[in-house]
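Novice: You'll find data.cif just under this line, and it carries mmCIF, C-alpha atoms and all ligand atoms.
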```cif
data_run
loop_
_atom_site.label_atom_id
_atom_site.label_comp_id
_atom_site.auth_asym_id
_atom_site.auth_seq_id
_atom_site.Cartn_x
_atom_site.Cartn_y
_atom_site.Cartn_z
CA MET A 263 0.00 0.00 0.00
CA ARG A 264 1.40 3.39 -1.01
CA ILE A 265 0.25 6.55 0.72
CA ALA A 266 0.93 10.24 0.20
CA VAL A 267 0.67 12.59 3.16
CA VAL A 268 0.53 16.25 2.20
CA GLY A 269 1.72 18.71 4.87
CA SER A 270 4.29 17.55 7.43
CA GLY A 271 3.30 19.75 10.39
CA THR A 272 1.74 18.77 13.72
CA MET A 273 -0.65 16.27 12.17
CA GLY A 274 1.02 15.33 8.87
CA HIS A 275 4.31 14.08 10.31
CA GLY A 276 2.35 12.00 12.85
CA ILE A 277 0.07 10.51 10.19
CA ALA A 278 3.08 9.66 8.00
CA GLU A 279 4.74 8.00 10.98
CA VAL A 280 1.64 5.94 11.76
CA ALA A 281 1.33 4.78 8.14
CA ALA A 282 5.02 3.80 8.00
CA MET A 283 4.70 1.94 11.31
CA ALA A 284 1.87 -0.04 9.71
CA GLY A 285 4.23 -1.12 6.93
CA MET A 286 3.00 1.28 4.27
CA GLU A 287 5.21 3.07 1.80
CA VAL A 288 4.82 6.80 2.50
CA LYS A 289 5.46 9.90 0.40
CA LEU A 290 5.55 12.95 2.66
CA ILE A 291 5.13 16.26 0.85
CA ASP A 292 5.65 19.82 2.10
CA ILE A 293 6.67 23.17 0.68
CA SER A 294 10.29 23.35 1.89
CA TRP A 295 13.17 21.06 2.85
CA ASP A 296 13.63 22.93 6.13
CA ILE A 297 10.11 21.97 7.14
CA LEU A 298 10.53 18.39 5.94
CA ASN A 299 13.79 18.00 7.84
CA ARG A 300 12.10 19.22 11.01
CA ALA A 301 9.33 16.67 10.41
CA LYS A 302 11.97 13.97 9.97
CA GLU A 303 13.51 14.82 13.35
CA ARG A 304 10.11 14.78 15.05
CA MET A 305 9.26 11.39 13.53
CA LEU A 306 12.63 9.94 14.54
CA ASP A 307 12.28 11.24 18.12
CA SER A 308 8.81 9.79 18.40
CA LEU A 309 9.83 6.43 16.87
CA LYS A 310 12.78 6.19 19.25
CA ARG A 311 10.44 6.64 22.22
CA LEU A 312 7.99 4.06 20.85
CA HIS A 313 10.87 1.65 20.24
CA GLU A 314 12.29 2.11 23.75
CA ARG A 315 8.85 1.48 25.23
CA GLY A 316 8.49 -1.68 23.17
CA THR A 317 5.45 -0.35 21.25
CA ILE A 318 7.24 -1.04 17.97
CA ARG A 319 9.65 -3.88 17.28
CA GLU A 320 11.29 -2.44 14.17
CA THR A 321 14.11 0.05 14.60
CA PRO A 322 13.27 3.71 13.96
CA ASP A 323 15.59 3.65 10.94
CA THR A 324 13.72 0.73 9.40
CA VAL A 325 10.39 2.54 9.78
CA MET A 326 11.90 5.77 8.43
CA SER A 327 13.25 3.94 5.38
CA ARG A 328 9.64 3.58 4.20
CA ILE A 329 9.13 7.36 4.21
CA GLU A 330 10.20 9.33 1.16
CA MET A 331 10.08 13.10 1.50
CA SER A 332 9.58 15.57 -1.29
CA VAL A 333 8.74 19.17 -2.14
CA SER A 334 7.15 17.99 -5.37
CA TYR A 335 3.70 16.46 -5.70
CA ASP A 336 5.02 14.20 -8.48
CA VAL A 337 6.05 11.56 -5.90
CA ALA A 338 2.32 10.93 -5.42
CA LYS A 339 1.91 9.65 -9.00
CA ASP A 340 1.58 6.01 -7.96
CA VAL A 341 -0.10 6.18 -4.54
CA ASP A 342 -3.27 4.28 -3.62
CA PHE A 343 -4.35 6.91 -1.14
CA ALA A 344 -3.51 10.54 -0.28
CA ILE A 345 -4.15 12.24 3.06
CA GLU A 346 -4.00 16.03 3.17
CA ALA A 347 -2.96 17.83 6.37
CA VAL A 348 -2.19 21.41 5.31
CA PRO A 349 -3.45 24.44 7.32
CA GLU A 350 -7.18 24.92 7.82
CA ILE A 351 -7.72 27.38 4.93
CA LEU A 352 -10.32 26.45 2.32
CA ASP A 353 -8.55 28.09 -0.65
CA LEU A 354 -5.28 26.39 0.23
CA LYS A 355 -6.96 22.99 0.61
CA ARG A 356 -8.73 23.42 -2.71
CA LYS A 357 -5.41 24.25 -4.40
CA VAL A 358 -3.80 21.18 -2.87
CA PHE A 359 -6.71 18.97 -3.96
CA GLN A 360 -6.54 20.29 -7.53
CA GLU A 361 -2.89 19.37 -7.59
CA LEU A 362 -3.52 15.93 -6.08
CA ASP A 363 -6.37 15.34 -8.52
CA ARG A 364 -3.93 16.02 -11.35
CA VAL A 365 -1.09 13.80 -10.06
CA VAL A 366 -2.65 10.93 -8.10
CA PRO A 367 -4.02 7.94 -10.15
CA LYS A 368 -7.69 8.41 -10.99
CA GLU A 369 -8.84 5.35 -9.03
CA SER A 370 -7.12 6.45 -5.78
CA ILE A 371 -8.85 8.06 -2.81
CA LEU A 372 -8.12 11.59 -1.60
CA ALA A 373 -8.73 12.21 2.12
CA THR A 374 -8.61 15.43 4.13
CA ASN A 375 -7.75 15.75 7.80
CA THR A 376 -9.77 18.97 8.11
CA SER A 377 -11.39 19.61 11.48
CA SER A 378 -14.12 21.91 10.24
CA ILE A 379 -14.26 22.56 6.49
CA PRO A 380 -17.18 20.76 4.78
CA ILE A 381 -15.77 17.81 2.85
CA SER A 382 -18.00 18.57 -0.17
CA ASP A 383 -16.49 22.08 -0.45
CA ILE A 384 -13.10 20.43 -0.92
CA GLY A 385 -14.29 17.51 -3.06
CA GLU A 386 -16.14 19.73 -5.54
CA ILE A 387 -12.88 21.18 -6.87
CA THR A 388 -11.73 17.74 -8.07
CA SER A 389 -12.88 15.57 -10.95
CA ARG A 390 -13.51 12.69 -8.49
CA LYS A 391 -15.71 14.11 -5.76
CA GLU A 392 -17.09 10.62 -5.01
CA LYS A 393 -13.52 9.63 -4.02
CA VAL A 394 -12.94 12.53 -1.61
CA ILE A 395 -13.53 11.88 2.08
CA GLY A 396 -12.77 13.23 5.56
CA MET A 397 -10.32 11.35 7.73
CA HIS A 398 -10.06 13.19 11.04
CA PHE A 399 -7.07 12.08 13.11
CA PHE A 400 -6.42 13.23 16.67
CA ASN A 401 -3.28 14.79 18.03
CA PRO A 402 -0.78 13.16 18.40
CA PRO A 403 -1.66 10.60 15.70
CA PRO A 404 0.81 7.92 16.89
CA LEU A 405 -0.85 7.82 20.32
CA MET A 406 -4.49 8.65 19.68
CA LYS A 407 -6.50 5.68 18.42
CA LEU A 408 -9.52 7.53 17.07
CA VAL A 409 -10.14 8.48 13.45
CA GLU A 410 -13.48 9.96 12.44
CA ILE A 411 -14.40 9.00 8.86
CA ILE A 412 -16.66 11.55 7.19
CA PRO A 413 -18.18 10.89 3.78
CA SER A 414 -19.46 14.01 2.03
CA LYS A 415 -22.79 14.00 0.20
CA TYR A 416 -20.86 12.89 -2.89
CA THR A 417 -18.64 10.17 -1.39
CA SER A 418 -19.40 6.65 -2.59
CA GLU A 419 -20.07 3.79 -0.20
CA ASP A 420 -17.09 1.84 -1.59
CA VAL A 421 -14.77 4.73 -0.91
CA THR A 422 -16.09 5.08 2.64
CA ARG A 423 -15.59 1.37 3.27
CA SER A 424 -12.05 1.43 1.88
CA THR A 425 -11.21 4.40 4.10
CA VAL A 426 -12.55 2.61 7.18
CA GLU A 427 -10.32 -0.35 6.22
CA LEU A 428 -7.31 1.89 5.74
CA ALA A 429 -7.79 3.41 9.22
CA LYS A 430 -7.92 -0.11 10.66
CA LYS A 431 -4.76 -1.10 8.78
CA MET A 432 -3.11 1.92 10.35
CA GLY A 433 -3.97 0.45 13.76
CA LYS A 434 -6.71 3.00 14.43
CA THR A 435 -10.31 2.73 15.59
CA PRO A 436 -12.48 4.37 12.93
CA VAL A 437 -15.85 5.91 13.75
CA ARG A 438 -17.80 6.45 10.60
CA LEU A 439 -20.43 9.20 10.39
CA ARG A 440 -23.38 8.21 8.21
CA VAL A 441 -23.96 11.82 7.18
CA GLU A 442 -21.59 14.76 7.48
CA VAL A 443 -22.41 17.32 10.19
CA PRO A 444 -20.38 20.46 11.02
CA GLY A 445 -17.82 19.70 13.73
CA PHE A 446 -18.30 15.97 13.16
CA VAL A 447 -19.08 14.12 16.41
CA SER A 448 -15.99 15.07 18.42
CA ASN A 449 -16.10 18.82 18.13
CA ARG A 450 -19.91 19.06 18.34
CA ILE A 451 -19.88 17.33 21.71
CA PHE A 452 -16.81 19.26 22.81
CA LEU A 453 -18.60 22.50 21.87
CA ARG A 454 -21.55 21.59 24.11
CA LEU A 455 -19.24 20.95 27.05
CA LEU A 456 -17.55 24.30 26.43
CA GLN A 457 -20.90 26.08 26.17
CA GLU A 458 -22.29 24.71 29.42
CA ALA A 459 -19.03 25.37 31.28
CA CYS A 460 -19.18 28.96 30.11
CA ARG A 461 -22.87 29.36 31.00
CA GLU A 462 -22.21 28.04 34.51
CA VAL A 463 -19.62 30.74 35.09
CA GLU A 464 -21.17 33.68 33.24
CA SER A 465 -24.55 33.14 34.89
CA GLY A 466 -22.80 33.26 38.28
CA GLU A 467 -23.81 29.71 39.21
CA ALA A 468 -20.26 28.47 39.67
CA THR A 469 -16.64 29.45 39.42
CA ILE A 470 -14.24 28.12 36.81
CA GLU A 471 -12.55 26.00 39.48
CA GLU A 472 -15.87 24.58 40.70
CA VAL A 473 -16.89 23.52 37.19
CA ASP A 474 -13.53 21.86 36.67
CA SER A 475 -13.51 20.25 40.09
CA SER A 476 -16.86 18.66 39.39
CA ALA A 477 -15.69 17.48 35.95
CA ARG A 478 -12.56 15.91 37.36
CA ASN A 479 -13.70 14.66 40.74
CA LYS A 480 -17.33 13.73 40.12
CA LEU A 481 -17.36 12.85 36.42
CA LYS A 482 -13.79 11.46 36.69
CA LEU A 483 -12.75 13.17 33.48
CA PRO A 484 -8.98 13.50 32.98
CA MET A 485 -9.24 17.30 32.82
CA GLY A 486 -11.70 20.00 33.79
CA ILE A 487 -13.55 21.64 30.90
CA PHE A 488 -11.66 24.95 31.14
CA GLU A 489 -8.45 23.02 31.69
CA LEU A 490 -9.16 21.04 28.51
CA ALA A 491 -9.94 24.27 26.63
CA ASP A 492 -6.55 25.65 27.76
CA TYR A 493 -4.90 22.43 26.66
CA VAL A 494 -6.49 22.45 23.19
CA GLY A 495 -5.81 26.18 22.75
CA LEU A 496 -8.38 28.91 23.27
CA ASP A 497 -7.91 30.21 19.72
CA VAL A 498 -8.78 26.73 18.43
CA VAL A 499 -11.81 26.66 20.77
CA VAL A 500 -13.11 30.04 19.55
CA ASP A 501 -12.57 28.96 15.98
CA LEU A 502 -14.38 25.64 16.21
CA TRP A 503 -17.25 27.28 18.10
CA LYS A 504 -17.65 29.88 15.36
CA VAL A 505 -17.49 27.35 12.53
CA ILE A 506 -20.06 24.98 14.03
CA VAL A 507 -22.51 27.70 15.09
CA GLU A 508 -22.22 29.52 11.76
CA ARG A 509 -23.23 26.28 10.06
CA GLY A 510 -26.42 25.96 12.08
CA ALA A 511 -25.79 24.60 15.59
CA SER A 512 -27.55 26.52 18.36
CA ASP A 513 -25.47 29.10 20.22
CA VAL A 514 -25.05 29.92 23.91
CA LYS A 515 -24.07 33.45 24.85
CA CYS A 516 -20.50 33.39 26.09
CA SER A 517 -17.56 35.79 26.03
CA SER A 518 -15.04 34.11 28.37
CA TYR A 519 -13.04 32.24 25.71
CA LYS A 520 -12.97 35.12 23.29
CA GLU A 521 -11.82 37.60 25.96
CA LYS A 522 -8.85 35.36 26.69
CA VAL A 523 -7.95 35.18 23.01
CA ASP A 524 -8.21 38.98 22.70
CA ARG A 525 -5.69 39.20 25.56
CA LYS A 526 -3.45 36.70 23.75
CA GLU A 527 -3.85 34.25 26.60
CA LEU A 528 -4.31 31.12 24.52
CA GLY A 529 -3.89 28.47 27.19
CA VAL A 530 -1.06 25.99 27.59
CA LYS A 531 0.72 27.12 24.41
CA THR A 532 1.25 30.68 25.78
CA GLY A 533 1.64 29.52 29.40
CA LYS A 534 -1.58 31.24 30.47
CA GLY A 535 -5.26 30.85 29.81
CA PHE A 536 -7.87 30.21 32.49
CA TYR A 537 -4.99 28.81 34.52
CA THR A 538 -1.27 29.51 34.62
CA TYR A 539 1.19 26.85 33.44
CA PRO A 540 4.89 26.34 34.27
CA ALA A 541 6.05 27.69 30.86
CA PRO A 542 4.61 28.27 27.37
CA GLY A 543 3.86 24.87 25.87
CA LYS A 544 4.35 23.06 29.16
CA TYR A 545 1.21 21.56 30.64
CA SER A 546 0.92 20.46 34.21
CA LYS A 547 -2.29 19.34 35.91
CA VAL A 548 -4.01 22.33 37.50
CA SER A 549 -4.87 22.22 41.20
CA LEU A 550 -8.58 22.37 41.97
CA PRO A 551 -10.75 22.38 45.09
CA ALA A 552 -11.79 18.89 46.18
CA GLU A 553 -15.40 19.93 46.73
CA SER A 554 -17.79 21.52 44.26
CA LYS A 555 -21.50 22.28 44.37
CA VAL A 556 -21.88 21.87 40.61
CA PRO A 557 -24.08 18.85 39.83
CA PRO A 558 -22.22 16.59 37.37
CA GLU A 559 -25.38 15.92 35.36
CA ARG A 560 -25.68 19.65 34.67
CA ILE A 561 -22.16 19.87 33.23
CA ILE A 562 -22.80 17.13 30.68
CA SER A 563 -26.50 17.86 30.08
CA LEU A 564 -26.02 19.84 26.87
CA ALA A 565 -23.43 17.38 25.55
CA VAL A 566 -25.76 14.44 26.21
CA ASN A 567 -28.55 16.33 24.46
CA GLU A 568 -26.25 16.70 21.45
CA GLY A 569 -25.52 12.96 21.63
CA ALA A 570 -29.27 12.25 21.54
CA TRP A 571 -29.59 14.60 18.55
CA LEU A 572 -26.81 12.75 16.69
CA ILE A 573 -28.54 9.44 17.36
CA GLU A 574 -32.03 10.53 16.34
CA ASN A 575 -30.62 12.05 13.14
CA ASN A 576 -28.89 8.75 12.37
CA ILE A 577 -25.42 10.27 12.23
CA VAL A 578 -23.88 7.76 14.68
CA ASN A 579 -25.14 5.46 17.44
CA ALA A 580 -24.54 5.57 21.21
CA GLU A 581 -21.54 3.23 21.14
CA GLU A 582 -19.91 5.31 18.42
CA ILE A 583 -20.39 8.53 20.38
CA ASP A 584 -18.84 6.89 23.41
CA THR A 585 -15.91 5.59 21.36
CA VAL A 586 -15.26 9.15 20.16
CA MET A 587 -15.24 10.49 23.72
CA ARG A 588 -13.10 7.68 25.14
CA LEU A 589 -10.53 7.58 22.36
CA GLY A 590 -10.59 11.22 21.22
CA PHE A 591 -10.84 12.91 24.64
CA ASN A 592 -9.52 10.17 26.96
CA PHE A 593 -12.80 9.92 28.87
CA PRO A 594 -12.53 6.92 31.22
CA LYS A 595 -16.07 5.93 30.20
CA GLY A 596 -18.31 6.97 27.36
CA LEU A 597 -20.34 10.16 27.73
CA LEU A 598 -23.64 8.32 27.34
CA GLU A 599 -22.53 5.57 29.67
CA ILE A 600 -21.86 8.25 32.30
CA ALA A 601 -25.29 9.76 31.53
CA ASP A 602 -26.96 6.38 32.05
CA GLU A 603 -25.24 6.07 35.42
CA LEU A 604 -26.22 9.56 36.56
CA GLY A 605 -29.80 9.11 35.35
CA LEU A 606 -31.34 10.45 32.16
CA ASP A 607 -34.22 11.92 34.18
CA LYS A 608 -31.70 14.10 36.01
CA ILE A 609 -30.08 15.11 32.73
CA LEU A 610 -33.48 16.00 31.28
CA ASN A 611 -34.43 18.00 34.38
CA ALA A 612 -31.21 19.99 34.15
CA LEU A 613 -31.91 20.78 30.49
CA ARG A 614 -35.51 21.77 31.18
CA GLU A 615 -34.55 23.99 34.07
CA ILE A 616 -31.92 25.90 32.06
CA ASN A 617 -34.18 25.98 28.99
CA SER A 618 -36.99 27.52 31.07
CA ARG A 619 -34.68 30.45 31.78
CA GLY A 620 -34.52 31.32 28.09
CA TYR A 621 -31.50 29.35 26.91
CA GLU A 622 -32.84 27.94 23.66
CA ALA A 623 -29.92 25.61 22.99
CA TYR A 624 -31.05 23.57 25.99
CA SER A 625 -34.35 22.58 24.42
CA PRO A 626 -34.42 18.82 25.14
CA SER A 627 -34.07 16.47 22.21
CA PRO A 628 -37.28 14.55 21.41
CA LEU A 629 -35.37 11.28 21.81
CA LEU A 630 -34.31 12.10 25.35
CA VAL A 631 -37.83 13.20 26.27
CA LYS A 632 -39.25 9.98 24.83
CA MET A 633 -36.75 7.77 26.62
CA VAL A 634 -37.46 9.32 30.00
CA SER A 635 -41.24 9.28 29.48
CA GLN A 636 -41.00 5.56 28.73
CA GLY A 637 -39.06 4.96 31.92
CA GLN A 638 -35.72 4.47 30.16
CA THR A 639 -33.89 6.56 32.69
CA GLY A 640 -30.54 4.81 32.59
CA LYS A 641 -28.71 2.11 34.43
CA SER A 642 -30.96 2.00 37.51
CA SER A 643 -34.02 1.30 35.34
CA GLY A 644 -32.20 -1.34 33.27
CA ARG A 645 -32.42 0.76 30.12
CA GLY A 646 -31.09 4.05 28.89
CA PHE A 647 -28.78 4.60 25.94
CA TYR A 648 -27.69 1.04 26.73
CA THR A 649 -29.52 -2.01 28.05
CA TYR A 650 -28.38 -3.44 31.37
CA GLY A 651 -28.81 -6.93 32.71
CA LYS A 652 -30.45 -7.53 36.08
CA THR A 653 -27.98 -7.22 38.94
P1 LIG B 701 0.42 22.72 10.76
O1 LIG B 701 0.42 24.16 10.48
O2 LIG B 701 1.17 22.21 11.95
O3 LIG B 701 1.00 21.93 9.48
C1 LIG B 701 0.60 22.22 8.16
C2 LIG B 701 1.75 21.86 7.22
O4 LIG B 701 1.29 22.01 5.88
C3 LIG B 701 2.97 22.77 7.37
O5 LIG B 701 4.13 21.98 7.54
C4 LIG B 701 2.99 23.56 6.07
O6 LIG B 701 4.31 23.90 5.63
C5 LIG B 701 2.35 22.56 5.10
N1 LIG B 701 1.82 23.18 3.89
C6 LIG B 701 1.30 24.41 3.72
N2 LIG B 701 0.93 24.58 2.43
C7 LIG B 701 1.25 23.44 1.77
C8 LIG B 701 1.12 23.01 0.43
N3 LIG B 701 0.60 23.81 -0.51
N4 LIG B 701 1.56 21.77 0.10
C9 LIG B 701 2.10 20.95 1.05
N5 LIG B 701 2.24 21.31 2.33
C10 LIG B 701 1.82 22.54 2.69
O7 LIG B 701 -1.10 22.26 10.84
P2 LIG B 701 -1.75 21.01 11.62
O8 LIG B 701 -2.03 21.40 13.04
O9 LIG B 701 -0.95 19.81 11.33
O10 LIG B 701 -3.17 20.92 10.90
C11 LIG B 701 -3.32 20.37 9.61
C12 LIG B 701 -4.78 20.00 9.40
O11 LIG B 701 -5.17 19.05 10.38
C13 LIG B 701 -5.75 21.17 9.53
O12 LIG B 701 -6.78 21.00 8.61
C14 LIG B 701 -6.29 21.01 10.95
O13 LIG B 701 -7.58 21.55 11.10
C15 LIG B 701 -6.33 19.50 11.08
N6 LIG B 701 -6.29 18.96 12.45
C16 LIG B 701 -5.42 19.49 13.36
C17 LIG B 701 -5.37 18.95 14.64
C18 LIG B 701 -4.41 19.48 15.67
O14 LIG B 701 -4.57 19.14 16.86
N7 LIG B 701 -3.40 20.26 15.28
C19 LIG B 701 -6.20 17.86 14.97
C20 LIG B 701 -7.05 17.32 14.00
C21 LIG B 701 -7.07 17.90 12.74
#
```
Could you write out this file's structure as structure tokens?
Ligand code: NAD

Specialist:
Amino acid sequence: MRIAVVGSGTMGHGIAEVAAMAGMEVKLIDISWDILNRAKERMLDSLKRLHERGTIRETPDTVMSRIEMSVSYDVAKDVDFAIEAVPEILDLKRKVFQELDRVVPKESILATNTSSIPISDIGEITSRKEKVIGMHFFNPPPLMKLVEIIPSKYTSEDVTRSTVELAKKMGKTPVRLRVEVPGFVSNRIFLRLLQEACREVESGEATIEEVDSSARNKLKLPMGIFELADYVGLDVVVDLWKVIVERGASDVKCSSYKEKVDRKELGVKTGKGFYTYPAPGKYSKVSLPAESKVPPERIISLAVNEGAWLIENNIVNAEEIDTVMRLGFNFPKGLLEIADELGLDKILNALREINSRGYEAYSPSPLLVKMVSQGQTGKSSGRGFYTYGKT
């Protein structure tokens, strides 16, 4: 299997490394040799660590020997698959896809690692829009197992299936969306967590530390919501929020993230966001109060409502949502599994209460309302998003 990876930055060098580790022949393309040489160093460093830990048996040099680097797209003339990971700018991506469409064999698939640009907007520029698909890796690709697979309205079923197979061959766990939605599954649910965290604080119901304490200590999430936002980068957070809401998702009034960005406090990468970190780019777990009055079901209520929306619109099922949250966000359990344990009636009550105060985004999903009215309130009733055996 021969693969081209276009763009060798944060994501591209990691994707190339993953493909080479899986035994594929990789052509890594970027715009300058300086950039490619930096990517080579990063891949070597990472492979050395994986080798020392025993994750890979082959030597780093053996894996690297399968990666050919180039500043010319011509090396992609015989690949079976191309994955684009250039910056998130539509015009740039369209230019890259025109070039790939010209060089890559007509029967080969062209995938984009975009986080937010509609796949059809990219596919339309090519002469093979049924062979263009989204393949959303998580950072860092060698460690994160999840890949969201997003067919556009033009993508053929065969192409989607082949892409799912490719992700598996790369050692990843693919979650395939049946229909494309802005933000895919990962960022839509993340947005809802960010929105509720912000509402908690801006409505004066809780402090930042209380929200995060509840997320970490009661929900057992690896990070608080504001801590996670700092980790991801507040500029990235503001951007994904804007993109998803502009394409139709309901909004929640919030200025906290944007204010930080205006002050150039972008989170871990600048050393300061909602919390202060040891140095720019250096994350360390933030210290939080042990106690918090914030009910855990309220923190996830909007995210669970989004999950219900994704299910009733046949985008993904409950297991798939939970896979995304476990493997993409390191949740110890799936979001909907946690919801089942807390009680869907409690989740619904939290949504109704906030909704009654004029927050339209909290309007409960018909699926959630139906489940609760039928007594499917989660684990204690034997049925919720999942079915439970008698204990
Ligand atoms: P990046 O800026 O780190 O890397 C982009 C690379 O593309 C750079 O090395 C750049 O030189 C190269 N490039 C620019 N123009 C090019 C061209 N015409 N031909 C070939 N190479 C070119 O960006 P990134 O963070 O790796 O993001 C890449 C894509 O992945 C974006 O669409 C982003 O939304 C998506 N993504 C990023 C993350 C993340 O956590 N960083 C996670 C998932 C998806």

Novice: Within 9 Å of ligand LIG 701 (chain B), which residues of chain A show up? Give each one with its shortest atom-to-atom distance in Å (one decimal) and the two atoms involved, counting only C-alpha atoms and all ligand atoms, rows by chain then rising residue number, as CSV.

Specialist:
```
residue,atom,partner,partner_atom,distance
A:Val267,CA,B:LIG701,C9,8.7
A:Val268,CA,B:LIG701,C9,5.1
A:Gly269,CA,B:LIG701,O4,3.5
A:Ser270,CA,B:LIG701,O5,4.4
A:Gly271,CA,B:LIG701,O3,3.3
A:Thr272,CA,B:LIG701,O9,3.7
A:Met273,CA,B:LIG701,O9,3.7
A:Gly274,CA,B:LIG701,O9,5.5
A:His275,CA,B:LIG701,O9,7.8
A:Gly276,CA,B:LIG701,O9,8.6
A:Leu290,CA,B:LIG701,C9,8.9
A:Ile291,CA,B:LIG701,C9,5.6
A:Asp292,CA,B:LIG701,N5,3.7
A:Ile293,CA,B:LIG701,N5,5.1
A:Ser294,CA,B:LIG701,O6,7.1
A:Ile297,CA,B:LIG701,O5,6.0
A:Leu298,CA,B:LIG701,O5,7.5
A:Ala301,CA,B:LIG701,O5,8.0
A:Val333,CA,B:LIG701,C9,7.6
A:Ser334,CA,B:LIG701,N4,8.7
A:Tyr335,CA,B:LIG701,N4,8.1
A:Glu346,CA,B:LIG701,C12,7.4
A:Ala347,CA,B:LIG701,C11,4.1
A:Val348,CA,B:LIG701,O4,3.6
A:Pro349,CA,B:LIG701,C13,4.6
A:Glu350,CA,B:LIG701,O12,4.0
A:Ile351,CA,B:LIG701,O12,7.4
A:Leu354,CA,B:LIG701,N3,6.5
A:Lys355,CA,B:LIG701,N3,7.7
A:Lys357,CA,B:LIG701,N3,7.2
A:Val358,CA,B:LIG701,N3,5.6
A:Thr374,CA,B:LIG701,O12,7.4
A:Asn375,CA,B:LIG701,O11,4.9
A:Thr376,CA,B:LIG701,O12,3.6
A:Ser377,CA,B:LIG701,O13,4.3
A:Ser378,CA,B:LIG701,O13,6.6
A:Ile379,CA,B:LIG701,O12,7.9
A:Met397,CA,B:LIG701,C21,8.9
A:His398,CA,B:LIG701,C21,5.8
A:Phe399,CA,B:LIG701,C20,5.3
A:Phe400,CA,B:LIG701,C20,4.9
A:Asn401,CA,B:LIG701,O14,4.7
A:Pro402,CA,B:LIG701,O14,7.2
A:Pro403,CA,B:LIG701,C19,8.6
A:Val494,CA,B:LIG701,O14,7.4
A:Val498,CA,B:LIG701,O14,8.8
```

Novice: Calculate how many Å separate atom CA of Val505 of chain A from atom CA of Phe446 of chain A, rounding to one decimal.

Specialist: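 Computed distance, atom CA of Val505 of chain A to atom CA of Phe446 of chain A, equals 11.4 Å.
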
Novice: Select, from A:Val441, A:Met331, A:Val463, A:Leu604, the residue with the minimum atom-to-atom distance to Trp295 of chain A, counting all atoms listed in the file.

Specialist: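 Looking at the shortest contact to Trp295 of chain A, the residue is A:Met331.
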
Novice: Would you compute the distance between atom CA of Leu528 of chain A and atom CA of Asp497 of chain A? Give it in Å to one decimal.

Specialist: 6.1 Å

Novice: Name the closest residue to Lys289 of chain A among the candidates A:Leu352, A:Val366, A:Met485, A:Ile616; distances are taken between atoms, counting only C-alpha atoms.

Specialist: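 Checking each of A:Leu352, A:Val366, A:Met485, A:Ile616 against Lys289 of chain A, counting only C-alpha atoms, the winner is A:Val366.
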
Novice: Give the answer as one residue: which of A:Glu330, A:Ser563, A:Ile384, A:Ser424 has the shortest atom-to-atom distance to Asp353 of chain A, using all atoms listed in the file?

Specialist: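 Among the listed residues, the smallest separation from Asp353 of chain A belongs to A:Ile384.
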
Novice: Near Pro444 of chain A, within 10 Å and counting only C-alpha atoms, which residues show up once chain neighbours fewer than 2 positions away are dropped, as a PyMOL selection string?

Specialist: chain A and resi 377-381+442+446-447+449-450+502+505-511

Novice: Could you pull the residues within 9 Å of Pro404 of chain A, counting all atoms listed in the file, minus those fewer than 6 positions along the same chain, as a VMD selection string?

Specialist: chain A and resid 276 to 277 279 to 280 308

Novice: Could you name the residues that touch Met326 of chain A at 12 Å or less, counting only C-alpha atoms, but leaving out those on the same chain fewer than 5 positions away, as a list of chain:residue names?

Specialist: A:His275, A:Ala278, A:Glu279, A:Val280, A:Ala281, A:Ala282, A:Met283, A:Ala284, A:Gly285, A:Met286, A:Glu287, A:Val288, A:Lys289, A:Leu290, A:Ala301, A:Lys302, A:Glu303, A:Arg304, A:Met305, A:Leu306, A:Asp307, A:Ser308, A:Leu309, A:Lys310, A:Glu320, A:Thr321, A:Met331

Novice: Have a look at A:Val586, A:Ala565, A:Ile470, A:Ile600 and name the one nearest to Pro626 of chain A; count all atoms listed in the file.

Specialist: A:Ala565

Novice: Work out how far apart atom CA of Phe536 of chain A and atom CA of Lys522 of chain A are and give it in Å to one decimal.

Specialist: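 Separation between atom CA of Phe536 of chain A and atom CA of Lys522 of chain A: 7.8 Å.
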
Novice: List the neighbours of Tyr537 of chain A out to 8 Å using all atoms listed in the file; skip same-chain residues closer than 6 positions along the sequence, and give me the result as a list in words.

Specialist: Glu489, Asp492, Gly529 and Val548 of chain A

Novice: Near Lys482 of chain A, counting all atoms listed in the file, which residues have an atom at most 12 Å away, once you skip same-chain residues fewer than 4 positions from it, shown as a VMD selection string?

Specialist: chain A and resid 474 to 478 486 to 487 558 592 to 597 600

Novice: Please produce a file of the residues just selected, as a short mmCIF file (atom, residue, chain, number, x, y, z; two decimals), in the frame of the given file, where the atoms kept are C-alpha atoms.

Specialist:
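Just written: selection.cif:
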```cif
data_model
loop_
_atom_site.label_atom_id
_atom_site.label_comp_id
_atom_site.auth_asym_id
_atom_site.auth_seq_id
_atom_site.Cartn_x
_atom_site.Cartn_y
_atom_site.Cartn_z
CA ASP A 474 -13.53 21.86 36.67
CA SER A 475 -13.51 20.25 40.09
CA SER A 476 -16.86 18.66 39.39
CA ALA A 477 -15.69 17.48 35.95
CA ARG A 478 -12.56 15.91 37.36
CA GLY A 486 -11.70 20.00 33.79
CA ILE A 487 -13.55 21.64 30.90
CA PRO A 558 -22.22 16.59 37.37
CA ASN A 592 -9.52 10.17 26.96
CA PHE A 593 -12.80 9.92 28.87
CA PRO A 594 -12.53 6.92 31.22
CA LYS A 595 -16.07 5.93 30.20
CA GLY A 596 -18.31 6.97 27.36
CA LEU A 597 -20.34 10.16 27.73
CA ILE A 600 -21.86 8.25 32.30
#
```
